[in-house]
>>> print(open('input_27.cif').read())   # mmCIF, C-alpha atoms
data_final
loop_
_atom_site.label_atom_id
_atom_site.label_comp_id
_atom_site.auth_asym_id
_atom_site.auth_seq_id
_atom_site.Cartn_x
_atom_site.Cartn_y
_atom_site.Cartn_z
CA ARG A 1 12.78 6.44 8.06
CA ILE A 2 12.41 5.25 4.49
CA GLU A 3 15.08 2.63 5.12
CA GLU A 4 13.10 1.34 8.11
CA VAL A 5 9.99 0.99 5.93
CA GLU A 6 11.94 -0.77 3.18
CA THR A 7 13.49 -3.16 5.70
CA GLY A 8 10.23 -3.79 7.55
CA VAL A 9 8.21 -4.58 4.45
CA ARG A 10 10.89 -6.98 3.13
CA GLN A 11 10.54 -9.05 6.32
CA LEU A 12 6.86 -9.73 5.65
CA HIS A 13 5.27 -12.32 3.40
CA GLY A 14 2.12 -11.79 1.39
CA ALA A 15 0.65 -8.70 -0.20
CA GLY A 16 -1.97 -8.29 2.51
CA ASN A 17 0.58 -8.28 5.32
CA ARG A 18 2.85 -5.90 3.45
CA LEU A 19 0.04 -3.46 2.65
CA ARG A 20 -1.26 -3.54 6.22
CA PHE A 21 2.24 -2.73 7.47
CA LEU A 22 2.62 0.14 4.99
CA VAL A 23 -0.77 1.64 5.86
CA ALA A 24 -0.03 1.49 9.59
CA ARG A 25 3.48 2.86 9.17
CA HIS A 26 2.36 5.80 7.02
CA LEU A 27 -0.39 6.64 9.50
CA GLN A 28 2.11 6.49 12.37
CA THR A 29 4.51 8.76 10.49
CA LEU A 30 1.90 11.38 9.64
CA THR A 31 0.31 11.44 13.08
CA ALA A 32 3.57 11.33 15.07
CA ASP A 33 4.75 14.52 13.38
CA ARG A 34 1.71 16.63 12.63
CA GLY A 35 3.94 19.37 11.26
CA LEU A 36 5.19 16.91 8.64
CA CYS A 37 1.60 16.00 7.82
CA ARG A 38 0.72 19.66 7.35
CA LEU A 39 3.79 20.17 5.17
CA VAL A 40 2.96 17.20 2.96
CA ILE A 41 -0.69 18.10 2.49
CA ARG A 42 -0.58 21.90 2.47
CA GLU A 43 2.67 22.47 0.61
CA LEU A 44 3.82 19.42 -1.31
CA ARG A 45 0.41 18.21 -2.49
CA ALA A 46 -0.87 21.71 -3.20
CA ASP A 47 1.91 22.54 -5.66
CA PRO A 48 4.09 19.53 -6.51
CA GLY A 49 6.02 21.48 -9.15
CA LEU A 50 7.15 24.03 -6.58
CA HIS A 51 9.54 21.65 -4.85
CA GLY A 52 11.12 20.01 -7.87
CA GLN A 53 12.46 16.66 -8.88
CA ALA A 54 14.06 15.82 -5.52
CA VAL A 55 10.68 15.72 -3.77
CA ARG A 56 9.15 13.66 -6.58
CA GLU A 57 12.02 11.15 -6.35
CA LEU A 58 11.66 10.97 -2.56
CA ASN A 59 7.93 10.32 -2.96
CA ARG A 60 8.58 7.58 -5.54
CA ARG A 61 11.08 5.91 -3.22
CA TYR A 62 8.75 6.22 -0.22
CA THR A 63 5.78 4.67 -2.06
CA ALA A 64 7.80 2.07 -4.01
CA PRO A 65 7.33 -0.69 -1.39
CA ALA A 66 3.55 -0.39 -1.75
CA LEU A 67 3.76 -0.53 -5.52
CA GLU A 68 6.07 -3.56 -5.31
CA ALA A 69 3.74 -5.31 -2.83
CA ILE A 70 0.75 -4.73 -5.10
CA GLU A 71 2.61 -5.91 -8.21
CA ALA A 72 3.85 -9.03 -6.40
CA GLY A 73 0.35 -9.70 -5.08
CA VAL A 74 -1.07 -9.55 -8.60
CA ARG A 75 1.75 -11.71 -9.97
CA ASP A 76 1.29 -14.30 -7.18
CA GLY A 77 -2.48 -14.42 -7.55
CA GLU A 78 -3.19 -12.93 -4.11
CA LEU A 79 -4.65 -9.77 -5.63
CA ARG A 80 -6.96 -9.38 -8.60
CA GLY A 81 -5.26 -9.61 -11.95
CA ASP A 82 -7.11 -6.63 -13.41
CA LEU A 83 -5.67 -4.10 -10.97
CA VAL A 84 -3.71 -1.03 -12.01
CA PRO A 85 -1.01 -1.07 -9.30
CA THR A 86 -0.27 2.67 -9.47
CA LEU A 87 -3.96 3.45 -8.99
CA ILE A 88 -4.18 1.24 -5.90
CA ARG A 89 -0.98 2.80 -4.50
CA ASP A 90 -2.47 6.27 -4.99
CA LEU A 91 -5.75 5.14 -3.43
CA ILE A 92 -3.90 3.94 -0.34
CA TYR A 93 -1.75 7.01 0.23
CA GLY A 94 -4.43 9.48 -0.82
CA GLY A 95 -6.95 7.75 1.44
CA ILE A 96 -4.59 7.95 4.37
CA GLU A 97 -3.87 11.63 3.84
CA HIS A 98 -7.57 12.41 3.49
CA ALA A 99 -8.42 10.43 6.64
CA VAL A 100 -5.85 12.21 8.81
CA TRP A 101 -6.13 15.75 7.45
CA GLY A 102 -9.21 16.79 9.43
CA PRO A 103 -7.98 15.52 12.80
CA VAL A 104 -4.46 16.85 12.21
CA ALA A 105 -5.67 20.29 11.15
CA GLY A 106 -8.09 20.42 14.07
CA GLY A 107 -5.77 18.89 16.65
CA ALA A 108 -8.09 15.94 17.30
CA PRO A 109 -6.73 12.60 18.50
CA ILE A 110 -6.42 9.76 15.99
CA ASP A 111 -6.78 6.09 16.88
CA VAL A 112 -3.97 4.97 14.57
CA PRO A 113 -4.32 1.17 15.03
CA ARG A 114 -8.07 1.28 14.44
CA LEU A 115 -7.81 3.61 11.44
CA ALA A 116 -4.99 1.52 9.95
CA GLU A 117 -7.08 -1.63 10.29
CA GLN A 118 -10.14 -0.01 8.73
CA LEU A 119 -8.24 1.51 5.80
CA ALA A 120 -6.27 -1.67 5.08
CA ASP A 121 -9.43 -3.79 5.28
CA ALA A 122 -11.29 -1.45 2.96
CA VAL A 123 -8.54 -1.56 0.35
CA LEU A 124 -7.86 -5.29 0.64
CA THR A 125 -11.53 -6.22 0.45
CA GLY A 126 -11.65 -4.55 -2.93
CA VAL A 127 -8.40 -5.88 -4.36
CA GLU A 128 -7.99 -9.40 -3.02
CA ALA A 129 -8.42 -12.20 -5.51
CA ARG A 130 -11.50 -14.26 -4.79
CA PRO A 131 -12.45 -17.52 -6.43
CA ARG A 132 -15.56 -17.37 -8.55
CA PRO A 133 -18.47 -19.16 -6.83
CA ALA A 134 -18.79 -21.76 -9.57
CA GLU A 135 -15.09 -22.50 -9.55
CA ARG A 136 -14.23 -25.97 -8.39
CA ALA A 137 -11.40 -26.72 -5.99
CA ALA A 138 -9.72 -28.81 -8.69
CA ASP A 139 -9.64 -25.78 -11.02
CA ARG A 140 -8.05 -23.63 -8.29
CA LEU A 141 -5.46 -26.32 -7.61
CA GLU A 142 -4.68 -26.64 -11.31
CA ARG A 143 -4.07 -22.87 -11.61
CA LEU A 144 -1.94 -22.92 -8.47
CA LEU A 145 0.19 -25.73 -9.90
CA GLU A 146 0.59 -23.84 -13.17
CA ARG A 147 1.84 -20.76 -11.31
CA LEU A 148 4.21 -22.91 -9.26
CA GLU A 149 5.59 -24.55 -12.41
CA GLU A 150 6.11 -21.12 -13.98
CA ARG A 151 8.02 -19.95 -10.88
CA VAL A 152 10.21 -23.02 -10.82
CA ALA A 153 10.96 -22.69 -14.54
CA SER A 154 12.04 -19.05 -14.24
#
>>> encode(input="input_27.cif", output="structure tokens")
Amino acid sequence: RIEEVETGVRQLHGAGNRLRFLVARHLQTLTADRGLCRLVIRELRADPGLHGQAVRELNRRYTAPALEAIEAGVRDGELRGDLVPTLIRDLIYGGIEHAVWGPVAGGAPIDVPRLAEQLADAVLTGVEARPRPAERAADRLERLLERLEERVAS
């Protein structure tokens, strides 16, 4: 499953598209196998030291595409430059787990597409780069050209 996520996210362009994919995919994974969701939240999150380095490495690998998408989004100017990528990654995955825990524990249905859209929109609204109101189009174009020149030079 991790390979499918890694492959799927590589096929997408733009931080927003990648993060939307990752949110939806994680929600699908947790809700398709509610036993897995219970295991992650009740056991692995409750006592991360109990399960050792292998689980920590698996978690790092599983969440690496999100961290990479956030870092690339910051680097490319799609996301705010003042973000702490690990914090945003944790916000995404923690938010997903919190959103599904009640319905999973209680056996309630979850509208995965709707929840994925709402969670992704909430995160992206807070992290997307936005031009300052007083910023002129010429200033934005100049910064874009500078970034392009840096990319070409590297």
>>> resolve_selection(input="input_27.cif", expression="the PyMOL selection byres ((chain A and resi 30) around 12)", output="number ranges by chain")
A: 23-29, 31-41, 93, 96-101, 103-105, 110, 112
>>> closest_residue(input="input_27.cif", among="A:Asp139, A:Leu144, A:Arg80, A:Arg42", to="Thr125 of chain A", atoms="all atoms listed in the file")
A:Arg80
>>> atom_distance(input="input_27.cif", atom1="atom CA of Arg1 of chain A", atom2="atom CA of Arg89 of chain A")
19.0 Å
>>> resolve_selection(input="input_27.cif", expression="the PyMOL selection byres ((chain A and resi 72-77) around 12)", output="VMD selection string")
chain A and resid 13 to 19 65 to 71 78 to 85 88 124 127 to 131 140 143 to 148 150 to 151
>>> atom_distance(input="input_27.cif", atom1="atom CA of Gly95 of chain A", atom2="atom CA of Arg114 of chain A")
14.6 Å
>>> atom_distance(input="input_27.cif", atom1="atom CA of Glu4 of chain A", atom2="atom CA of Leu58 of chain A")
14.4 Å
>>> residues_near_point(input="input_27.cif", point="(7.5, 7.9, 1.4)", cutoff="9 Å", atoms="all atoms listed in the file", output="ChimeraX atom specification")
/A:1-2,5,26,58-64
